[in-house]
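Asker: Next up is a structure, given as structure tokens.
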Amino acid sequence: MKIAFVGKGGSGKTTLSSLFIRHLAANEAPVVAVDADINQHLGAALGLSETEAAALPAMGAHLPLIKEYLRGTNPRIASADTMIKTTPPGEGSRLLRVREDNPVYEACARPVPLDDGEVRLMATGPFTESDLGVACYHSKVGAVELCLNHLVDGPDEYVVVDMTAGSDSFASGLFTRFDMTFLVAEPTRKGVSVYRQYKEYARDFGVALKVVGNKVQGPDDLDFLREEVGEDLLVAVGHSDWVRAMEKGRPSRFELLEAENRMSLQALQDAVDDSYAHRDRERYTRQMVHFHLRNAESWGNAKTGADLAAQVDPGFVLGEPLAV
């Protein structure tokens, strides 16, 4: 299952995504966690020191390796240089799986031990000073989109992505790559404005969206969120002494997280698991191809000097076994 956490800056989406990752690990589920935010804080939220978090390899720095591995023997892709972030898999491509070991994970993922188990953590890499004025952050998350386009996952496997803040997530087709998107919203007008924007953009693409109310201090806050987002509100989370200690770098064992917050995290997992029954692989593949053709026409063909529309394998649906 592929899960995204989105929300405006400061809403607490990184904190909640880290809690959800801890919850899944405590339930002995295999997890690949991805920090795709321009501000890279997921590693620290999962307990890494500043030094350890800074040492995480940047996925963007390994993009040539990722492309070469995923290309496999796909005859429609002449070389890794002609692959762009939206290049879809086809017959002969290599697919990624959550539980396996492969060169992509070896180069880009690092194990993070938690109280209950271990997760793999990948990071796009921060927006550096050398990028200022010459690069777009969304070029960095292209490695994430390419990996998700080639990833096959089952109902008991989880990929959790902490997305960049606000509506910037819509600058690429990445927002359609998930079985469930959790939008973290505070009970304020600014907090729900991102929800309205996301809801409008996502509607045409069938994106499954649920709202997680955060920093909810009482019945009035809860009523406000219910009025603003309606049935999209899944759970509401209030103050947590455990989270406050975690943010200070002194968390207790995860099993001591407040019971009501553990129940909220279970509700998130239940919503994700329920969405698996409605997974539409053909639509997922169709949307993948849609964004690839758009990118090919707008800039990809000119950049690579190739007709990238020819990379589309019309008979391929992600999830089917491939000959590699």
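Residue numbers start at 1 in each chain; chains themselves are named A, B, ... in the order of the structure tokens; ligands are numbered from 1 in the order shown.
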From a DSSP calculation on the backbone, collect every residue of segment 37-244 of chain A in alpha helix (DSSP H) and output the set as a ChimeraX atom specification.
Answerer: /A:42-45,50-54,63-71,103-108,142-149,189-203,219-229,241-244
Asker: Could you take the residues named above and write them with C-alpha atoms, as an mmCIF file, in the first residue's frame?
Answerer:
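Dumped everything to result.cif:
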```cif
data_model
loop_
_atom_site.group_PDB
_atom_site.id
_atom_site.type_symbol
_atom_site.label_atom_id
_atom_site.label_comp_id
_atom_site.auth_asym_id
_atom_site.auth_seq_id
_atom_site.Cartn_x
_atom_site.Cartn_y
_atom_site.Cartn_z
ATOM 1 C CA LEU A 42 11.416 12.625 8.732
ATOM 2 C CA GLY A 43 14.688 10.983 9.773
ATOM 3 C CA ALA A 44 14.874 13.076 12.920
ATOM 4 C CA ALA A 45 11.200 12.363 13.671
ATOM 5 C CA GLU A 50 21.253 15.256 13.143
ATOM 6 C CA THR A 51 24.459 13.602 11.976
ATOM 7 C CA GLU A 52 22.694 10.372 11.028
ATOM 8 C CA ALA A 53 19.910 12.232 9.215
ATOM 9 C CA ALA A 54 22.417 14.357 7.294
ATOM 10 C CA LEU A 63 19.195 8.722 -10.321
ATOM 11 C CA PRO A 64 21.443 7.204 -13.044
ATOM 12 C CA LEU A 65 21.695 3.963 -11.034
ATOM 13 C CA ILE A 66 17.943 3.923 -10.396
ATOM 14 C CA LYS A 67 17.168 4.393 -14.083
ATOM 15 C CA GLU A 68 19.628 1.767 -15.260
ATOM 16 C CA TYR A 69 18.314 -0.809 -12.801
ATOM 17 C CA LEU A 70 14.630 -0.167 -13.522
ATOM 18 C CA ARG A 71 15.169 -0.147 -17.291
ATOM 19 C CA PRO A 103 20.605 -2.158 -5.848
ATOM 20 C CA VAL A 104 18.191 0.770 -5.474
ATOM 21 C CA TYR A 105 17.644 0.101 -1.776
ATOM 22 C CA GLU A 106 21.324 -0.643 -1.306
ATOM 23 C CA ALA A 107 22.255 2.769 -2.697
ATOM 24 C CA CYS A 108 19.375 4.906 -1.424
ATOM 25 C CA GLY A 142 11.476 12.702 -9.709
ATOM 26 C CA ALA A 143 13.416 9.733 -8.319
ATOM 27 C CA VAL A 144 10.515 9.011 -5.940
ATOM 28 C CA GLU A 145 7.960 9.149 -8.753
ATOM 29 C CA LEU A 146 10.058 6.836 -10.929
ATOM 30 C CA CYS A 147 10.402 4.317 -8.103
ATOM 31 C CA LEU A 148 6.676 4.366 -7.295
ATOM 32 C CA ASN A 149 5.891 3.838 -10.980
ATOM 33 C CA ARG A 189 -9.059 28.719 7.977
ATOM 34 C CA LYS A 190 -5.506 28.388 6.680
ATOM 35 C CA GLY A 191 -5.466 24.792 7.839
ATOM 36 C CA VAL A 192 -8.451 23.804 5.719
ATOM 37 C CA SER A 193 -7.553 25.966 2.707
ATOM 38 C CA VAL A 194 -4.998 23.406 1.543
ATOM 39 C CA TYR A 195 -7.673 20.718 1.918
ATOM 40 C CA ARG A 196 -10.021 22.584 -0.416
ATOM 41 C CA GLN A 197 -7.288 23.067 -2.971
ATOM 42 C CA TYR A 198 -6.159 19.460 -2.761
ATOM 43 C CA LYS A 199 -9.713 18.163 -2.937
ATOM 44 C CA GLU A 200 -10.380 20.159 -6.097
ATOM 45 C CA TYR A 201 -7.202 19.031 -7.842
ATOM 46 C CA ALA A 202 -7.543 15.408 -6.759
ATOM 47 C CA ARG A 203 -11.198 14.975 -7.692
ATOM 48 C CA PRO A 219 -15.175 20.249 20.837
ATOM 49 C CA ASP A 220 -15.198 23.640 19.092
ATOM 50 C CA ASP A 221 -12.107 22.706 17.035
ATOM 51 C CA LEU A 222 -13.640 19.365 16.161
ATOM 52 C CA ASP A 223 -16.945 20.952 15.143
ATOM 53 C CA PHE A 224 -15.060 23.431 12.939
ATOM 54 C CA LEU A 225 -13.261 20.659 11.082
ATOM 55 C CA ARG A 226 -16.465 18.672 10.648
ATOM 56 C CA GLU A 227 -18.199 21.716 9.182
ATOM 57 C CA GLU A 228 -15.316 22.453 6.805
ATOM 58 C CA VAL A 229 -14.335 18.999 5.529
ATOM 59 C CA ASP A 241 2.996 14.470 25.899
ATOM 60 C CA TRP A 242 4.709 11.598 24.080
ATOM 61 C CA VAL A 243 5.073 13.679 20.918
ATOM 62 C CA ARG A 244 6.331 16.669 22.888
#
```
Asker: Which polymer residues have any atom within 12 Å of an atom of segment 270-280 of chain A, counting only C-alpha atoms, with same-chain residues fewer than 4 positions away left out, as a PyMOL selection string?
Answerer: chain A and resi 1-4+20+23-24+153-160+177-182+206-212+232-235+263-266+284-287+317-319
Asker: Would you kindly return, as number ranges by chain, each protein, DNA or RNA residue with an atom no farther than 6 Å from any atom of Gly238 of chain A, considering only C-alpha atoms and excluding same-chain residues fewer than 4 positions away?
Answerer: A: 215-217
Asker: Pick the closest to Asp162 of chain A from A:Ala259, A:Val6, A:Met288, A:Val119: which is it, counting only C-alpha atoms?
Answerer: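 Residue with the minimum atom-to-atom distance to Asp162 of chain A: A:Val6.
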Asker: Which one of A:Glu91, A:Glu118, A:Glu255, A:Glu247 sits closest to Val312 of chain A if you count only C-alpha atoms?
Answerer: A:Glu91
Asker: Looking at A:Lys13, A:Arg294, A:His62, A:Arg99, which one is nearest to Asn39 of chain A, with distances taken over only C-alpha atoms?
Answerer: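 Checking each of A:Lys13, A:Arg294, A:His62, A:Arg99 against Asn39 of chain A, counting only C-alpha atoms, the winner is A:Lys13.
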Asker: For Met163 of chain A, which of A:Arg120, A:His150, A:Lys8, A:Arg262 is the closest residue, counting only C-alpha atoms?
Answerer: A:Lys8
Asker: Excluding Asn214 of chain A and any residue of its chain fewer than 4 positions from it, enumerate the residues within 9 Å of it, using only C-alpha atoms, and give them as a PDB file with all heavy atoms, in the first residue's frame.
Answerer:
```pdb
ATOM      1  N   SER A  11       1.743  22.041   9.800  1.00  0.00           N
ATOM      2  CA  SER A  11       0.517  21.354  10.210  1.00  0.00           C
ATOM      3  C   SER A  11       0.792  20.129  11.071  1.00  0.00           C
ATOM      4  O   SER A  11      -0.090  19.642  11.773  1.00  0.00           O
ATOM      5  CB  SER A  11      -0.286  20.926   8.979  1.00  0.00           C
ATOM      6  OG  SER A  11       0.438  19.971   8.207  1.00  0.00           O
ATOM      7  N   GLY A  12       2.020  19.615  11.004  1.00  0.00           N
ATOM      8  CA  GLY A  12       2.371  18.424  11.767  1.00  0.00           C
ATOM      9  C   GLY A  12       2.370  17.160  10.936  1.00  0.00           C
ATOM     10  O   GLY A  12       2.348  16.052  11.473  1.00  0.00           O
ATOM     11  N   LYS A  13       2.426  17.286   9.608  1.00  0.00           N
ATOM     12  CA  LYS A  13       2.351  16.105   8.752  1.00  0.00           C
ATOM     13  C   LYS A  13       3.562  15.198   8.925  1.00  0.00           C
ATOM     14  O   LYS A  13       3.429  13.972   8.880  1.00  0.00           O
ATOM     15  CB  LYS A  13       2.170  16.489   7.291  1.00  0.00           C
ATOM     16  CG  LYS A  13       3.359  17.132   6.637  1.00  0.00           C
ATOM     17  CD  LYS A  13       3.121  17.390   5.162  1.00  0.00           C
ATOM     18  CE  LYS A  13       4.337  18.051   4.563  1.00  0.00           C
ATOM     19  NZ  LYS A  13       5.566  17.234   4.697  1.00  0.00           N
ATOM     20  N   LEU A  16       3.057  13.292  12.192  1.00  0.00           N
ATOM     21  CA  LEU A  16       2.031  12.254  12.073  1.00  0.00           C
ATOM     22  C   LEU A  16       2.480  11.124  11.147  1.00  0.00           C
ATOM     23  O   LEU A  16       2.178   9.955  11.403  1.00  0.00           O
ATOM     24  CB  LEU A  16       0.731  12.864  11.578  1.00  0.00           C
ATOM     25  CG  LEU A  16      -0.057  13.597  12.674  1.00  0.00           C
ATOM     26  CD1 LEU A  16      -1.189  14.418  12.086  1.00  0.00           C
ATOM     27  CD2 LEU A  16      -0.604  12.613  13.696  1.00  0.00           C
ATOM     28  N   VAL A 184      -3.176  16.418   6.513  1.00  0.00           N
ATOM     29  CA  VAL A 184      -3.138  16.856   7.908  1.00  0.00           C
ATOM     30  C   VAL A 184      -3.569  18.320   7.956  1.00  0.00           C
ATOM     31  O   VAL A 184      -2.961  19.176   7.300  1.00  0.00           O
ATOM     32  CB  VAL A 184      -1.737  16.677   8.502  1.00  0.00           C
ATOM     33  CG1 VAL A 184      -1.717  17.129   9.967  1.00  0.00           C
ATOM     34  CG2 VAL A 184      -1.283  15.217   8.376  1.00  0.00           C
ATOM     35  N   ALA A 185      -4.620  18.600   8.706  1.00  0.00           N
ATOM     36  CA  ALA A 185      -5.188  19.949   8.742  1.00  0.00           C
ATOM     37  C   ALA A 185      -5.403  20.402  10.173  1.00  0.00           C
ATOM     38  O   ALA A 185      -5.967  19.673  10.992  1.00  0.00           O
ATOM     39  CB  ALA A 185      -6.509  19.989   7.984  1.00  0.00           C
ATOM     40  N   GLU A 186      -4.976  21.622  10.456  1.00  0.00           N
ATOM     41  CA  GLU A 186      -5.276  22.247  11.741  1.00  0.00           C
ATOM     42  C   GLU A 186      -6.675  22.870  11.683  1.00  0.00           C
ATOM     43  O   GLU A 186      -7.179  23.178  10.598  1.00  0.00           O
ATOM     44  CB  GLU A 186      -4.248  23.333  12.045  1.00  0.00           C
ATOM     45  CG  GLU A 186      -2.821  22.837  12.107  1.00  0.00           C
ATOM     46  CD  GLU A 186      -1.835  23.980  12.155  1.00  0.00           C
ATOM     47  OE1 GLU A 186      -1.601  24.519  13.256  1.00  0.00           O
ATOM     48  OE2 GLU A 186      -1.315  24.351  11.095  1.00  0.00           O
ATOM     49  N   PRO A 187      -7.312  23.062  12.821  1.00  0.00           N
ATOM     50  CA  PRO A 187      -8.660  23.636  12.836  1.00  0.00           C
ATOM     51  C   PRO A 187      -8.625  25.158  12.692  1.00  0.00           C
ATOM     52  O   PRO A 187      -9.049  25.912  13.583  1.00  0.00           O
ATOM     53  CB  PRO A 187      -9.208  23.200  14.203  1.00  0.00           C
ATOM     54  CG  PRO A 187      -7.994  23.086  15.062  1.00  0.00           C
ATOM     55  CD  PRO A 187      -6.896  22.604  14.163  1.00  0.00           C
ATOM     56  N   VAL A 235      -9.998  11.195  11.500  1.00  0.00           N
ATOM     57  CA  VAL A 235      -9.703  11.228  12.931  1.00  0.00           C
ATOM     58  C   VAL A 235      -9.214  12.625  13.296  1.00  0.00           C
ATOM     59  O   VAL A 235      -8.834  13.412  12.425  1.00  0.00           O
ATOM     60  CB  VAL A 235      -8.621  10.189  13.339  1.00  0.00           C
ATOM     61  CG1 VAL A 235      -9.114   8.771  13.134  1.00  0.00           C
ATOM     62  CG2 VAL A 235      -7.319  10.435  12.582  1.00  0.00           C
ATOM     63  N   ALA A 236      -9.208  12.910  14.587  1.00  0.00           N
ATOM     64  CA  ALA A 236      -8.669  14.164  15.093  1.00  0.00           C
ATOM     65  C   ALA A 236      -7.684  13.848  16.213  1.00  0.00           C
ATOM     66  O   ALA A 236      -7.943  12.991  17.056  1.00  0.00           O
ATOM     67  CB  ALA A 236      -9.790  15.068  15.602  1.00  0.00           C
ATOM     68  N   VAL A 237      -6.560  14.536  16.187  1.00  0.00           N
ATOM     69  CA  VAL A 237      -5.491  14.287  17.147  1.00  0.00           C
ATOM     70  C   VAL A 237      -5.255  15.557  17.954  1.00  0.00           C
ATOM     71  O   VAL A 237      -5.186  16.660  17.397  1.00  0.00           O
ATOM     72  CB  VAL A 237      -4.192  13.867  16.426  1.00  0.00           C
ATOM     73  CG1 VAL A 237      -3.074  13.618  17.429  1.00  0.00           C
ATOM     74  CG2 VAL A 237      -4.437  12.623  15.576  1.00  0.00           C
ATOM     75  N   GLY A 238      -5.150  15.398  19.254  1.00  0.00           N
ATOM     76  CA  GLY A 238      -4.921  16.537  20.127  1.00  0.00           C
ATOM     77  C   GLY A 238      -3.505  16.573  20.667  1.00  0.00           C
ATOM     78  O   GLY A 238      -2.565  16.036  20.072  1.00  0.00           O
ATOM     79  N   HIS A 239      -3.348  17.179  21.821  1.00  0.00           N
ATOM     80  CA  HIS A 239      -2.027  17.296  22.436  1.00  0.00           C
ATOM     81  C   HIS A 239      -1.514  15.925  22.851  1.00  0.00           C
ATOM     82  O   HIS A 239      -2.273  15.044  23.273  1.00  0.00           O
ATOM     83  CB  HIS A 239      -2.099  18.198  23.670  1.00  0.00           C
ATOM     84  CG  HIS A 239      -0.811  18.231  24.452  1.00  0.00           C
ATOM     85  ND1 HIS A 239       0.275  18.969  24.046  1.00  0.00           N
ATOM     86  CD2 HIS A 239      -0.448  17.595  25.605  1.00  0.00           C
ATOM     87  CE1 HIS A 239       1.260  18.787  24.923  1.00  0.00           C
ATOM     88  NE2 HIS A 239       0.850  17.972  25.868  1.00  0.00           N
TER      89      HIS A 239
END
```
Asker: Taking only C-alpha atoms into account, name the residue in A:Ala80, A:Ala267, A:Val141, A:Leu308 that is nearest to Leu174 of chain A.
Answerer: A:Val141
Asker: Quick one: distance from atom CA of Ala245 of chain A to atom CA of Pro30 of chain A in Å, one decimal?
Answerer: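 We find that atom CA of Ala245 of chain A and atom CA of Pro30 of chain A lie 26.0 Å from each other.
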Asker: Run DSSP on the backbone and give me the residues of segment 63-268 of chain A it puts in strand (DSSP E), as JSON, numbers by chain.
Answerer: {"A": [96, 97, 109, 110, 111, 112, 113, 114, 117, 118, 119, 120, 121, 122, 123, 151, 152, 158, 159, 160, 161, 162, 163, 180, 181, 182, 183, 184, 185, 209, 210, 211, 212, 213, 233, 234, 235, 236]}
Asker: Pick out the residues sitting within 8 Å of Glu28 of chain A, and hand them over as an MDAnalysis selection string; count only C-alpha atoms, and ignore anything fewer than 3 positions along from it in its own chain.
Answerer: chainID A and resid 24:25 116:117
Asker: Atom CA of Thr304 of chain A and atom CA of Phe175 of chain A are how many Å apart?
Answerer: 24.4 Å
Asker: Give me, please, the distance in Å between atom CA of Val31 of chain A and atom CA of Glu282 of chain A, quoted to one decimal.
Answerer: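 Straight-line distance from atom CA of Val31 of chain A to atom CA of Glu282 of chain A works out to 24.5 Å.
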